[in-house]
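Everything below belongs to start33.tsv, which stores TSV, N, CA and C atoms.
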```
chain	number	residue	atom	x	y	z
I	870	MET	N	15.69	12.15	-11.22
I	870	MET	CA	16.94	12.70	-10.75
I	870	MET	C	17.29	12.14	-9.38
I	871	PHE	N	16.40	12.27	-8.40
I	871	PHE	CA	16.68	11.79	-7.05
I	871	PHE	C	16.36	10.30	-6.89
I	872	LEU	N	15.62	9.71	-7.83
I	872	LEU	CA	15.19	8.32	-7.66
I	872	LEU	C	16.35	7.34	-7.80
I	873	ASN	N	17.49	7.80	-8.27
I	873	ASN	CA	18.63	6.90	-8.45
I	873	ASN	C	19.41	6.67	-7.18
I	874	ASN	N	19.09	7.38	-6.11
I	874	ASN	CA	19.79	7.18	-4.84
I	874	ASN	C	18.79	6.77	-3.77
I	875	SER	N	19.33	6.39	-2.61
I	875	SER	CA	18.46	5.88	-1.55
I	875	SER	C	17.55	6.97	-0.98
I	876	TYR	N	18.02	8.21	-0.94
I	876	TYR	CA	17.19	9.30	-0.41
I	876	TYR	C	15.94	9.47	-1.28
I	877	GLY	N	16.13	9.55	-2.57
I	877	GLY	CA	15.00	9.73	-3.47
I	877	GLY	C	14.03	8.56	-3.43
I	878	ARG	N	14.59	7.38	-3.28
I	878	ARG	CA	13.74	6.19	-3.22
I	878	ARG	C	12.89	6.21	-1.95
I	879	VAL	N	13.50	6.58	-0.82
I	879	VAL	CA	12.75	6.65	0.44
I	879	VAL	C	11.65	7.71	0.36
I	880	VAL	N	11.97	8.87	-0.16
I	880	VAL	CA	10.97	9.94	-0.28
I	880	VAL	C	9.84	9.51	-1.20
I	881	ASP	N	10.17	8.84	-2.30
I	881	ASP	CA	9.14	8.37	-3.23
I	881	ASP	C	8.23	7.34	-2.57
I	882	ILE	N	8.80	6.42	-1.82
I	882	ILE	CA	7.99	5.40	-1.13
I	882	ILE	C	7.11	6.05	-0.07
I	883	LEU	N	7.65	7.00	0.66
I	883	LEU	CA	6.84	7.72	1.66
I	883	LEU	C	5.69	8.46	1.00
I	884	HIS	N	5.98	9.11	-0.12
I	884	HIS	CA	4.94	9.85	-0.85
I	884	HIS	C	3.84	8.90	-1.32
I	885	ARG	N	4.21	7.78	-1.89
I	885	ARG	CA	3.22	6.80	-2.35
I	885	ARG	C	2.40	6.24	-1.18
I	886	SER	N	3.07	5.97	-0.08
I	886	SER	CA	2.38	5.44	1.10
I	886	SER	C	1.39	6.46	1.67
I	887	MET	N	1.76	7.73	1.65
I	887	MET	CA	0.84	8.75	2.13
I	887	MET	C	-0.37	8.87	1.21
I	888	ASP	N	-0.16	8.76	-0.09
I	888	ASP	CA	-1.29	8.79	-1.03
I	888	ASP	C	-2.24	7.61	-0.78
I	889	VAL	N	-1.67	6.44	-0.54
I	889	VAL	CA	-2.49	5.26	-0.28
I	889	VAL	C	-3.24	5.43	1.04
I	890	SER	N	-2.61	6.04	2.01
I	890	SER	CA	-3.27	6.28	3.29
I	890	SER	C	-4.47	7.21	3.12
I	891	MET	N	-4.35	8.21	2.28
I	891	MET	CA	-5.49	9.10	2.02
I	891	MET	C	-6.61	8.35	1.28
I	892	LEU	N	-6.25	7.50	0.35
I	892	LEU	CA	-7.25	6.69	-0.35
I	892	LEU	C	-7.93	5.74	0.63
I	893	ARG	N	-7.16	5.14	1.51
I	893	ARG	CA	-7.71	4.22	2.51
I	893	ARG	C	-8.67	4.96	3.44
I	894	ARG	N	-8.35	6.21	3.78
I	894	ARG	CA	-9.25	7.00	4.63
I	894	ARG	C	-10.60	7.18	3.94
I	895	ASN	N	-10.58	7.46	2.64
I	895	ASN	CA	-11.83	7.65	1.89
I	895	ASN	C	-12.63	6.35	1.81
I	896	ILE	N	-11.94	5.23	1.64
I	896	ILE	CA	-12.62	3.94	1.56
I	896	ILE	C	-13.26	3.59	2.91
I	897	ILE	N	-12.54	3.83	3.99
I	897	ILE	CA	-13.09	3.55	5.33
I	897	ILE	C	-14.29	4.44	5.60
I	898	ALA	N	-14.20	5.71	5.21
I	898	ALA	CA	-15.33	6.63	5.38
I	898	ALA	C	-16.54	6.16	4.57
I	899	ASP	N	-16.30	5.65	3.38
I	899	ASP	CA	-17.38	5.12	2.55
I	899	ASP	C	-18.00	3.88	3.20
I	900	ASN	N	-17.15	3.03	3.76
I	900	ASN	CA	-17.67	1.85	4.47
I	900	ASN	C	-18.54	2.26	5.65
I	901	LEU	N	-18.06	3.23	6.43
I	901	LEU	CA	-18.84	3.69	7.59
I	901	LEU	C	-20.14	4.36	7.17
I	902	ALA	N	-20.12	5.11	6.08
I	902	ALA	CA	-21.33	5.79	5.62
I	902	ALA	C	-22.39	4.80	5.16
I	903	ASN	N	-21.97	3.63	4.70
I	903	ASN	CA	-22.91	2.62	4.20
I	903	ASN	C	-23.10	1.46	5.17
I	904	ALA	N	-22.87	1.71	6.45
I	904	ALA	CA	-22.97	0.64	7.45
I	904	ALA	C	-24.38	0.08	7.58
I	905	ASP	N	-25.39	0.87	7.23
I	905	ASP	CA	-26.77	0.40	7.34
I	905	ASP	C	-27.41	0.10	5.99
I	906	THR	N	-26.65	0.17	4.92
I	906	THR	CA	-27.18	-0.09	3.58
I	906	THR	C	-27.29	-1.60	3.35
I	907	PRO	N	-28.47	-2.09	3.00
I	907	PRO	CA	-28.62	-3.53	2.76
I	907	PRO	C	-27.73	-4.02	1.61
I	908	ASN	N	-27.14	-5.18	1.78
I	908	ASN	CA	-26.29	-5.85	0.79
I	908	ASN	C	-25.03	-5.08	0.40
I	909	PHE	N	-24.65	-4.10	1.19
I	909	PHE	CA	-23.40	-3.37	0.92
I	909	PHE	C	-22.22	-4.22	1.36
I	910	LYS	N	-21.20	-4.29	0.53
I	910	LYS	CA	-19.98	-5.03	0.85
I	910	LYS	C	-18.85	-4.03	1.06
I	911	LYS	N	-18.15	-4.18	2.19
I	911	LYS	CA	-17.06	-3.25	2.50
I	911	LYS	C	-15.89	-3.46	1.56
I	912	SER	N	-15.10	-2.42	1.43
I	912	SER	CA	-13.91	-2.46	0.59
I	912	SER	C	-12.68	-2.32	1.46
I	913	ILE	N	-11.58	-2.89	0.99
I	913	ILE	CA	-10.28	-2.70	1.62
I	913	ILE	C	-9.27	-2.36	0.54
I	914	ILE	N	-8.17	-1.75	0.96
I	914	ILE	CA	-7.10	-1.38	0.04
I	914	ILE	C	-5.93	-2.33	0.26
I	915	ASN	N	-5.46	-2.91	-0.82
I	915	ASN	CA	-4.31	-3.80	-0.77
I	915	ASN	C	-3.13	-3.09	-1.43
I	916	PHE	N	-2.13	-2.72	-0.65
I	916	PHE	CA	-0.96	-2.04	-1.19
I	916	PHE	C	0.33	-2.55	-0.58
I	917	GLU	N	0.37	-2.65	0.73
I	917	GLU	CA	1.61	-2.98	1.42
I	917	GLU	C	2.14	-4.35	1.05
I	918	SER	N	1.25	-5.33	0.91
I	918	SER	CA	1.70	-6.68	0.57
I	918	SER	C	2.28	-6.73	-0.84
I	919	GLU	N	1.68	-5.98	-1.77
I	919	GLU	CA	2.22	-5.93	-3.13
I	919	GLU	C	3.56	-5.19	-3.18
I	920	LEU	N	3.69	-4.15	-2.36
I	920	LEU	CA	4.96	-3.43	-2.29
I	920	LEU	C	6.04	-4.33	-1.71
I	921	LYS	N	5.70	-5.09	-0.70
I	921	LYS	CA	6.65	-6.04	-0.10
I	921	LYS	C	7.08	-7.07	-1.13
I	922	ARG	N	6.14	-7.56	-1.91
I	922	ARG	CA	6.47	-8.55	-2.95
I	922	ARG	C	7.41	-7.96	-4.00
I	923	ALA	N	7.20	-6.68	-4.33
I	923	ALA	CA	8.09	-6.03	-5.29
I	923	ALA	C	9.50	-5.90	-4.74
I	924	PHE	N	9.62	-5.56	-3.46
I	924	PHE	CA	10.95	-5.44	-2.86
I	924	PHE	C	11.63	-6.80	-2.77
I	925	GLN	N	10.87	-7.82	-2.45
I	925	GLN	CA	11.46	-9.16	-2.36
I	925	GLN	C	11.89	-9.68	-3.73
I	926	SER	N	11.24	-9.22	-4.78
I	926	SER	CA	11.61	-9.68	-6.12
I	926	SER	C	12.92	-9.05	-6.60
I	927	GLN	N	13.39	-8.02	-5.92
I	927	GLN	CA	14.64	-7.38	-6.30
I	927	GLN	C	15.85	-8.25	-5.99
I	928	LYS	N	15.70	-9.18	-5.04
I	928	LYS	CA	16.79	-10.07	-4.67
I	928	LYS	C	16.95	-11.14	-5.76
I	929	LYS	N	18.18	-11.38	-6.15
I	929	LYS	CA	18.44	-12.42	-7.15
I	929	LYS	C	18.27	-13.79	-6.51
I	930	PRO	N	17.69	-14.74	-7.27
I	930	PRO	CA	17.53	-16.09	-6.71
I	930	PRO	C	18.88	-16.81	-6.61
I	931	ALA	N	18.92	-17.80	-5.75
I	931	ALA	CA	20.16	-18.56	-5.56
I	931	ALA	C	20.51	-19.35	-6.81
I	932	LEU	N	19.49	-19.79	-7.54
I	932	LEU	CA	19.71	-20.58	-8.74
I	932	LEU	C	19.10	-19.85	-9.93
I	933	GLU	N	19.94	-19.46	-10.86
I	933	GLU	CA	19.45	-18.81	-12.07
I	933	GLU	C	19.37	-19.81	-13.20
I	934	VAL	N	18.28	-19.76	-13.93
I	934	VAL	CA	18.06	-20.66	-15.05
I	934	VAL	C	18.47	-19.93	-16.33
I	935	LYS	N	19.29	-20.59	-17.13
I	935	LYS	CA	19.74	-19.99	-18.38
I	935	LYS	C	18.68	-20.17	-19.46
I	936	MET	N	18.37	-19.10	-20.16
I	936	MET	CA	17.39	-19.15	-21.23
I	936	MET	C	18.13	-19.31	-22.56
I	937	THR	N	17.74	-20.30	-23.33
I	937	THR	CA	18.37	-20.54	-24.63
I	937	THR	C	17.54	-20.00	-25.78
I	938	ASN	N	16.34	-19.55	-25.48
I	938	ASN	CA	15.46	-19.02	-26.50
I	938	ASN	C	14.72	-17.84	-25.90
I	939	GLU	N	14.49	-16.79	-26.70
I	939	GLU	CA	13.81	-15.60	-26.19
I	939	GLU	C	12.35	-15.85	-25.85
I	940	LYS	N	11.78	-16.97	-26.29
I	940	LYS	CA	10.39	-17.30	-25.98
I	940	LYS	C	10.26	-18.04	-24.65
I	941	HIS	N	11.36	-18.40	-24.05
I	941	HIS	CA	11.31	-19.07	-22.75
I	941	HIS	C	10.80	-18.09	-21.69
I	942	ILE	N	10.13	-18.62	-20.72
I	942	ILE	CA	9.62	-17.82	-19.61
I	942	ILE	C	10.77	-17.64	-18.61
I	943	PRO	N	11.10	-16.39	-18.28
I	943	PRO	CA	12.22	-16.19	-17.35
I	943	PRO	C	11.85	-16.65	-15.94
I	944	SER	N	12.83	-17.20	-15.24
I	944	SER	CA	12.60	-17.65	-13.87
I	944	SER	C	12.74	-16.51	-12.87
I	945	TYR	N	13.38	-15.44	-13.29
I	945	TYR	CA	13.61	-14.30	-12.41
I	945	TYR	C	13.22	-13.03	-13.15
I	946	LYS	N	12.25	-12.34	-12.62
I	946	LYS	CA	11.82	-11.09	-13.21
I	946	LYS	C	11.51	-10.12	-12.08
I	947	PRO	N	12.39	-9.17	-11.82
I	947	PRO	CA	12.13	-8.23	-10.72
I	947	PRO	C	10.95	-7.31	-11.04
I	948	ILE	N	10.25	-6.92	-10.01
I	948	ILE	CA	9.11	-6.00	-10.14
I	948	ILE	C	9.58	-4.63	-9.66
I	949	ASP	N	9.39	-3.61	-10.47
I	949	ASP	CA	9.73	-2.25	-10.08
I	949	ASP	C	8.68	-1.75	-9.10
I	950	TYR	N	9.11	-1.26	-7.95
I	950	TYR	CA	8.16	-0.82	-6.91
I	950	TYR	C	7.31	0.35	-7.40
I	951	ARG	N	7.79	1.10	-8.40
I	951	ARG	CA	7.02	2.24	-8.91
I	951	ARG	C	5.81	1.81	-9.72
I	952	THR	N	5.77	0.55	-10.14
I	952	THR	CA	4.61	0.06	-10.89
I	952	THR	C	3.50	-0.45	-9.97
I	953	VAL	N	3.82	-0.58	-8.69
I	953	VAL	CA	2.84	-1.10	-7.72
I	953	VAL	C	1.90	0.03	-7.32
I	954	GLY	N	0.62	-0.25	-7.39
I	954	GLY	CA	-0.37	0.74	-6.99
I	954	GLY	C	-1.39	0.13	-6.05
I	955	PRO	N	-2.18	0.97	-5.41
I	955	PRO	CA	-3.21	0.45	-4.51
I	955	PRO	C	-4.31	-0.26	-5.29
I	956	ARG	N	-4.84	-1.31	-4.70
I	956	ARG	CA	-5.90	-2.08	-5.33
I	956	ARG	C	-7.07	-2.17	-4.37
I	957	ARG	N	-8.23	-1.75	-4.83
I	957	ARG	CA	-9.45	-1.81	-4.02
I	957	ARG	C	-10.07	-3.18	-4.17
I	958	VAL	N	-10.34	-3.83	-3.04
I	958	VAL	CA	-10.87	-5.19	-3.04
I	958	VAL	C	-12.17	-5.20	-2.25
I	959	LEU	N	-13.22	-5.77	-2.83
I	959	LEU	CA	-14.49	-5.93	-2.12
I	959	LEU	C	-14.46	-7.22	-1.31
I	960	ASP	N	-14.97	-7.16	-0.10
I	960	ASP	CA	-15.00	-8.31	0.80
I	960	ASP	C	-16.35	-8.99	0.69
I	961	TYR	N	-16.39	-10.11	-0.03
I	961	TYR	CA	-17.62	-10.88	-0.18
I	961	TYR	C	-17.69	-12.06	0.79
I	962	LEU	N	-16.64	-12.28	1.56
I	962	LEU	CA	-16.56	-13.48	2.39
I	962	LEU	C	-17.23	-13.35	3.75
I	963	THR	N	-17.25	-12.14	4.30
I	963	THR	CA	-17.82	-11.97	5.63
I	963	THR	C	-19.22	-11.38	5.55
I	964	GLN	N	-20.02	-11.71	6.55
I	964	GLN	CA	-21.37	-11.15	6.65
I	964	GLN	C	-21.68	-10.98	8.11
I	965	THR	N	-22.00	-9.76	8.51
I	965	THR	CA	-22.27	-9.51	9.93
I	965	THR	C	-23.74	-9.25	10.20
I	966	ASP	N	-24.48	-8.74	9.26
I	966	ASP	CA	-25.90	-8.43	9.47
I	966	ASP	C	-26.78	-9.38	8.67
I	967	ALA	N	-28.01	-9.46	9.09
I	967	ALA	CA	-28.99	-10.31	8.39
I	967	ALA	C	-29.35	-9.72	7.03
I	968	ASN	N	-29.11	-8.42	6.83
I	968	ASN	CA	-29.46	-7.79	5.57
I	968	ASN	C	-28.36	-7.90	4.51
I	969	GLY	N	-27.30	-8.67	4.79
I	969	GLY	CA	-26.24	-8.88	3.81
I	969	GLY	C	-25.11	-7.87	3.88
I	970	ASN	N	-25.21	-6.92	4.79
I	970	ASN	CA	-24.15	-5.92	4.96
I	970	ASN	C	-23.05	-6.50	5.83
I	971	ASN	N	-21.79	-6.26	5.47
I	971	ASN	CA	-20.68	-6.82	6.25
I	971	ASN	C	-19.79	-5.76	6.88
I	972	VAL	N	-20.30	-4.55	7.07
I	972	VAL	CA	-19.53	-3.48	7.70
I	972	VAL	C	-19.71	-3.55	9.21
I	973	ASP	N	-18.61	-3.70	9.92
I	973	ASP	CA	-18.61	-3.67	11.38
I	973	ASP	C	-18.08	-2.29	11.79
I	974	ILE	N	-18.93	-1.48	12.42
I	974	ILE	CA	-18.58	-0.10	12.73
I	974	ILE	C	-17.37	-0.04	13.66
I	975	GLU	N	-17.30	-0.91	14.64
I	975	GLU	CA	-16.16	-0.90	15.56
I	975	GLU	C	-14.86	-1.25	14.85
I	976	GLU	N	-14.91	-2.25	13.98
I	976	GLU	CA	-13.72	-2.65	13.23
I	976	GLU	C	-13.26	-1.54	12.29
I	977	GLU	N	-14.19	-0.89	11.63
I	977	GLU	CA	-13.84	0.21	10.72
I	977	GLU	C	-13.28	1.40	11.50
I	978	SER	N	-13.81	1.63	12.70
I	978	SER	CA	-13.27	2.72	13.52
I	978	SER	C	-11.83	2.45	13.93
I	979	VAL	N	-11.53	1.20	14.24
I	979	VAL	CA	-10.15	0.83	14.57
I	979	VAL	C	-9.26	1.00	13.35
I	980	HIS	N	-9.76	0.60	12.17
I	980	HIS	CA	-8.98	0.79	10.94
I	980	HIS	C	-8.73	2.27	10.66
I	981	MET	N	-9.74	3.09	10.95
I	981	MET	CA	-9.60	4.54	10.74
I	981	MET	C	-8.52	5.11	11.66
I	982	LEU	N	-8.54	4.72	12.92
I	982	LEU	CA	-7.54	5.20	13.87
I	982	LEU	C	-6.14	4.72	13.48
I	983	LYS	N	-6.02	3.46	13.13
I	983	LYS	CA	-4.73	2.90	12.71
I	983	LYS	C	-4.21	3.64	11.47
I	984	ASN	N	-5.08	3.91	10.53
I	984	ASN	CA	-4.69	4.63	9.31
I	984	ASN	C	-4.25	6.05	9.63
I	985	GLN	N	-4.95	6.72	10.54
I	985	GLN	CA	-4.59	8.07	10.93
I	985	GLN	C	-3.22	8.10	11.60
I	986	LEU	N	-2.96	7.15	12.51
I	986	LEU	CA	-1.66	7.09	13.17
I	986	LEU	C	-0.55	6.77	12.18
I	987	ASN	N	-0.84	5.91	11.23
I	987	ASN	CA	0.13	5.57	10.20
I	987	ASN	C	0.47	6.80	9.35
I	988	TYR	N	-0.54	7.58	8.99
I	988	TYR	CA	-0.31	8.79	8.21
I	988	TYR	C	0.53	9.80	8.99
I	989	GLN	N	0.25	9.96	10.28
I	989	GLN	CA	1.04	10.87	11.10
I	989	GLN	C	2.49	10.41	11.18
I	990	LEU	N	2.71	9.12	11.30
I	990	LEU	CA	4.06	8.58	11.33
I	990	LEU	C	4.78	8.84	10.00
I	991	LEU	N	4.09	8.63	8.91
I	991	LEU	CA	4.69	8.88	7.59
I	991	LEU	C	5.07	10.35	7.42
I	992	THR	N	4.22	11.26	7.89
I	992	THR	CA	4.55	12.68	7.76
I	992	THR	C	5.75	13.04	8.63
I	993	GLN	N	5.87	12.44	9.80
I	993	GLN	CA	7.03	12.70	10.65
I	993	GLN	C	8.31	12.18	10.02
I	994	VAL	N	8.26	11.00	9.43
I	994	VAL	CA	9.45	10.45	8.78
I	994	VAL	C	9.83	11.30	7.58
I	995	LEU	N	8.85	11.73	6.79
I	995	LEU	CA	9.14	12.58	5.64
I	995	LEU	C	9.72	13.92	6.08
I	996	SER	N	9.18	14.48	7.14
I	996	SER	CA	9.72	15.73	7.68
I	996	SER	C	11.16	15.54	8.14
I	997	HIS	N	11.46	14.41	8.74
I	997	HIS	CA	12.83	14.12	9.16
I	997	HIS	C	13.76	14.01	7.95
I	998	GLN	N	13.28	13.39	6.88
I	998	GLN	CA	14.10	13.27	5.66
I	998	GLN	C	14.44	14.66	5.12
I	999	PHE	N	13.44	15.56	5.09
I	999	PHE	CA	13.68	16.91	4.57
I	999	PHE	C	14.58	17.71	5.51
I	1000	SER	N	14.47	17.47	6.81
I	1000	SER	CA	15.33	18.18	7.75
I	1000	SER	C	16.79	17.76	7.59
I	1001	GLN	N	17.02	16.50	7.23
I	1001	GLN	CA	18.38	16.05	6.98
I	1001	GLN	C	18.99	16.75	5.77
I	1002	ILE	N	18.20	16.93	4.73
I	1002	ILE	CA	18.70	17.66	3.55
I	1002	ILE	C	18.94	19.11	3.89
I	1003	SER	N	18.07	19.70	4.70
I	1003	SER	CA	18.25	21.09	5.12
I	1003	SER	C	19.53	21.25	5.93
I	1004	MET	N	19.80	20.28	6.79
I	1004	MET	CA	21.00	20.33	7.61
I	1004	MET	C	22.26	20.22	6.75
I	1005	VAL	N	22.22	19.37	5.73
I	1005	VAL	CA	23.37	19.21	4.83
I	1005	VAL	C	23.57	20.47	4.00
I	1006	ALA	N	22.48	21.13	3.63
I	1006	ALA	CA	22.57	22.31	2.78
I	1006	ALA	C	23.15	23.52	3.53
I	1007	ARG	N	23.11	23.51	4.85
I	1007	ARG	CA	23.61	24.65	5.62
I	1007	ARG	C	25.08	24.71	5.62
```
Using C-alpha cells, write down the structure that the file contains.
Amino acid sequence: MFLNNSYGRVVDILHRSMDVSMLRRNIIADNLANADTPNFKKSIINFESELKRAFQSQKKPALEVKMTNEKHIPSYKPIDYRTVGPRRVLDYLTQTDANGNNVDIEEESVHMLKNQLNYQLLTQVLSHQFSQISMVAR
C-alpha cells in the first residue's frame, strides 16, 4: 500500500537498513568473541553496495538494445531493491595472528561503534518520518 510512494519506500529502506545493522552487530560480537580462537576467520556483512547497485540499475541506459527474440539476453534489467538482502562474507585474505586468526580487536571495536552510530542515525530519521505523518494527520 505505502510502497508505491516515496514515503513508503523510504520507510521500507530504513527498516531494512536497521535490520541489517542489528545483524551486523551480532556478527561483530561473534568476531570479538572468537578473537583468540585459532584459525577463526572474521565475517563481514555486505549490504550497502548491493543496495546501491540496485538503485543504480533503476536508471535506463543511454543506449537500449532491441531484442528480436525472447531468448536474447536483455541489456537492461533493473534490480528491485526489495530483493536485495544482507550477505555474510568470510574474510580469508587477511591474517593478523600466527595462529591463523584474522580478528583485530581494535578494528572490530571501531566497526561496532560505527554500526551503533549508524543505527542511532537510522532511528532518528525514521522517527522524523513518522513525525511528519503525525503532523499531516493533525
Residue with smallest distance to Lys910 (chain I) - pool I:Leu959, I:Leu991, I:Val1005, I:Leu982, counting only C-alpha atoms: I:Leu959
Can you find the residues with an atom no farther than 6.5 Å from (13.4, -4.5, -5.7), counting all atoms listed in the file, and report them as a CSV table (one decimal) with N, CA and C atoms, keeping the file's coordinate frame?
```csv
chain,number,residue,atom,x,y,z
I,923,ALA,N,7.2,-6.7,-4.3
I,923,ALA,CA,8.1,-6.0,-5.3
I,923,ALA,C,9.5,-5.9,-4.7
I,924,PHE,N,9.6,-5.6,-3.5
I,924,PHE,CA,11.0,-5.4,-2.9
I,924,PHE,C,11.6,-6.8,-2.8
I,925,GLN,N,10.9,-7.8,-2.4
I,925,GLN,CA,11.5,-9.2,-2.4
I,925,GLN,C,11.9,-9.7,-3.7
I,926,SER,N,11.2,-9.2,-4.8
I,926,SER,CA,11.6,-9.7,-6.1
I,926,SER,C,12.9,-9.0,-6.6
I,927,GLN,N,13.4,-8.0,-5.9
I,927,GLN,CA,14.6,-7.4,-6.3
I,927,GLN,C,15.8,-8.2,-6.0
I,928,LYS,N,15.7,-9.2,-5.0
I,928,LYS,CA,16.8,-10.1,-4.7
I,928,LYS,C,17.0,-11.1,-5.8
I,947,PRO,N,12.4,-9.2,-11.8
I,947,PRO,CA,12.1,-8.2,-10.7
I,947,PRO,C,11.0,-7.3,-11.0
I,948,ILE,N,10.2,-6.9,-10.0
I,948,ILE,CA,9.1,-6.0,-10.1
I,948,ILE,C,9.6,-4.6,-9.7
I,949,ASP,N,9.4,-3.6,-10.5
I,949,ASP,CA,9.7,-2.2,-10.1
I,949,ASP,C,8.7,-1.8,-9.1
I,950,TYR,N,9.1,-1.3,-8.0
I,950,TYR,CA,8.2,-0.8,-6.9
I,950,TYR,C,7.3,0.4,-7.4
```
Interatomic distance (Å, one decimal) between atom C of Val994 (chain I) and atom C of Ile897 (chain I):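 Atom C of Val994 (chain I) sits 25.2 Å away from atom C of Ile897 (chain I).
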Top pick for closest residue to Gly954 (chain I), considering I:Thr937, I:Asn971, I:Ser1003, I:Ser918 and counting only C-alpha atoms: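 Comparing I:Thr937, I:Asn971, I:Ser1003, I:Ser918 against Gly954 (chain I), the winner is I:Ser918.
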Members of chain I assigned alpha helix (DSSP H) by DSSP, as a count of residues only: 71
I'd like to know which residues of region 882-939 of chain I are strand (DSSP E) (by DSSP, run on the backbone); could you write them as a compact mmCIF listing (two decimals) with N, CA and C atoms, in the frame of the given file?
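Generated file (result_19.txt):
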```txt
# COMPACT_ATOMS: atom_id res chain seq x y z
N SER I 912 -15.10 -2.42 1.43
CA SER I 912 -13.91 -2.46 0.59
C SER I 912 -12.68 -2.32 1.46
N ILE I 913 -11.58 -2.89 0.99
CA ILE I 913 -10.28 -2.70 1.62
C ILE I 913 -9.27 -2.36 0.54
N ILE I 914 -8.17 -1.75 0.96
CA ILE I 914 -7.10 -1.38 0.04
C ILE I 914 -5.93 -2.33 0.26
N ASN I 915 -5.46 -2.91 -0.82
CA ASN I 915 -4.31 -3.80 -0.77
C ASN I 915 -3.13 -3.09 -1.43
```
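The smallest atom-to-atom distance between Asn970 (chain I) and any of I:Asn874, I:Asn900, I:Asn908, I:Asn987, using only N, CA and C atoms, is found for I:Asn908.
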Residue with smallest distance to Val889 (chain I) - pool I:Gln964, I:Leu995, I:Phe916, I:Lys946, counting all atoms listed in the file: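 Among the listed residues, I:Phe916 lies closest to Val889 (chain I).
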Length of the atom N of Leu892 (chain I) to atom N of Arg878 (chain I) vector [Å]: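 Between these atoms lies a distance of 21.2 Å.
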Arg894 (chain I) environment, 7 Å, only C-alpha atoms, sequence neighbours closer than 3 positions dropped, as a ChimeraX atom specification: /I:890-891,897-898,981,984
Pull N, CA and C atoms from the residues just selected and write them as a short mmCIF file (atom, residue, chain, number, x, y, z; two decimals), in the frame of the given file.
```cif
data_model
loop_
_atom_site.label_atom_id
_atom_site.label_comp_id
_atom_site.auth_asym_id
_atom_site.auth_seq_id
_atom_site.Cartn_x
_atom_site.Cartn_y
_atom_site.Cartn_z
N SER I 890 -2.61 6.04 2.01
CA SER I 890 -3.27 6.28 3.29
C SER I 890 -4.47 7.21 3.12
N MET I 891 -4.35 8.21 2.28
CA MET I 891 -5.49 9.10 2.02
C MET I 891 -6.61 8.35 1.28
N ILE I 897 -12.54 3.83 3.99
CA ILE I 897 -13.09 3.55 5.33
C ILE I 897 -14.29 4.44 5.60
N ALA I 898 -14.20 5.71 5.21
CA ALA I 898 -15.33 6.63 5.38
C ALA I 898 -16.54 6.16 4.57
N MET I 981 -9.74 3.09 10.95
CA MET I 981 -9.60 4.54 10.74
C MET I 981 -8.52 5.11 11.66
N ASN I 984 -5.08 3.91 10.53
CA ASN I 984 -4.69 4.63 9.31
C ASN I 984 -4.25 6.05 9.63
#
```
Distance in Å - CA of Thr992 (chain I) versus CA of Met887 (chain I):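 We find that CA of Thr992 (chain I) and CA of Met887 (chain I) lie 7.8 Å from each other.
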Spatial neighbours of region 933-936 of chain I, 7 Å, all atoms listed in the file, chain gap at least 4 places, as an MDAnalysis selection string: chainID I and resid 941 944:945
Residue contacts of Val972 (chain I) (12 Å, only C-alpha atoms) excluding same-chain residues fewer than 4 positions away, as number ranges by chain: I: 896-913, 959-968, 976-978, 980
Pick from I:Pro955, I:Gln989, I:Asp973, I:Asn873 nearest to Asn915 (chain I), counting only N, CA and C atoms: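 With only N, CA and C atoms as the atom set, the closest residue is I:Pro955.
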Selected residue of minimal separation from Ile882 (chain I) among I:Arg922, I:Arg1007, I:Arg957, I:Arg951, counting only C-alpha atoms: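 For Ile882 (chain I), the nearest of the given residues is I:Arg951.
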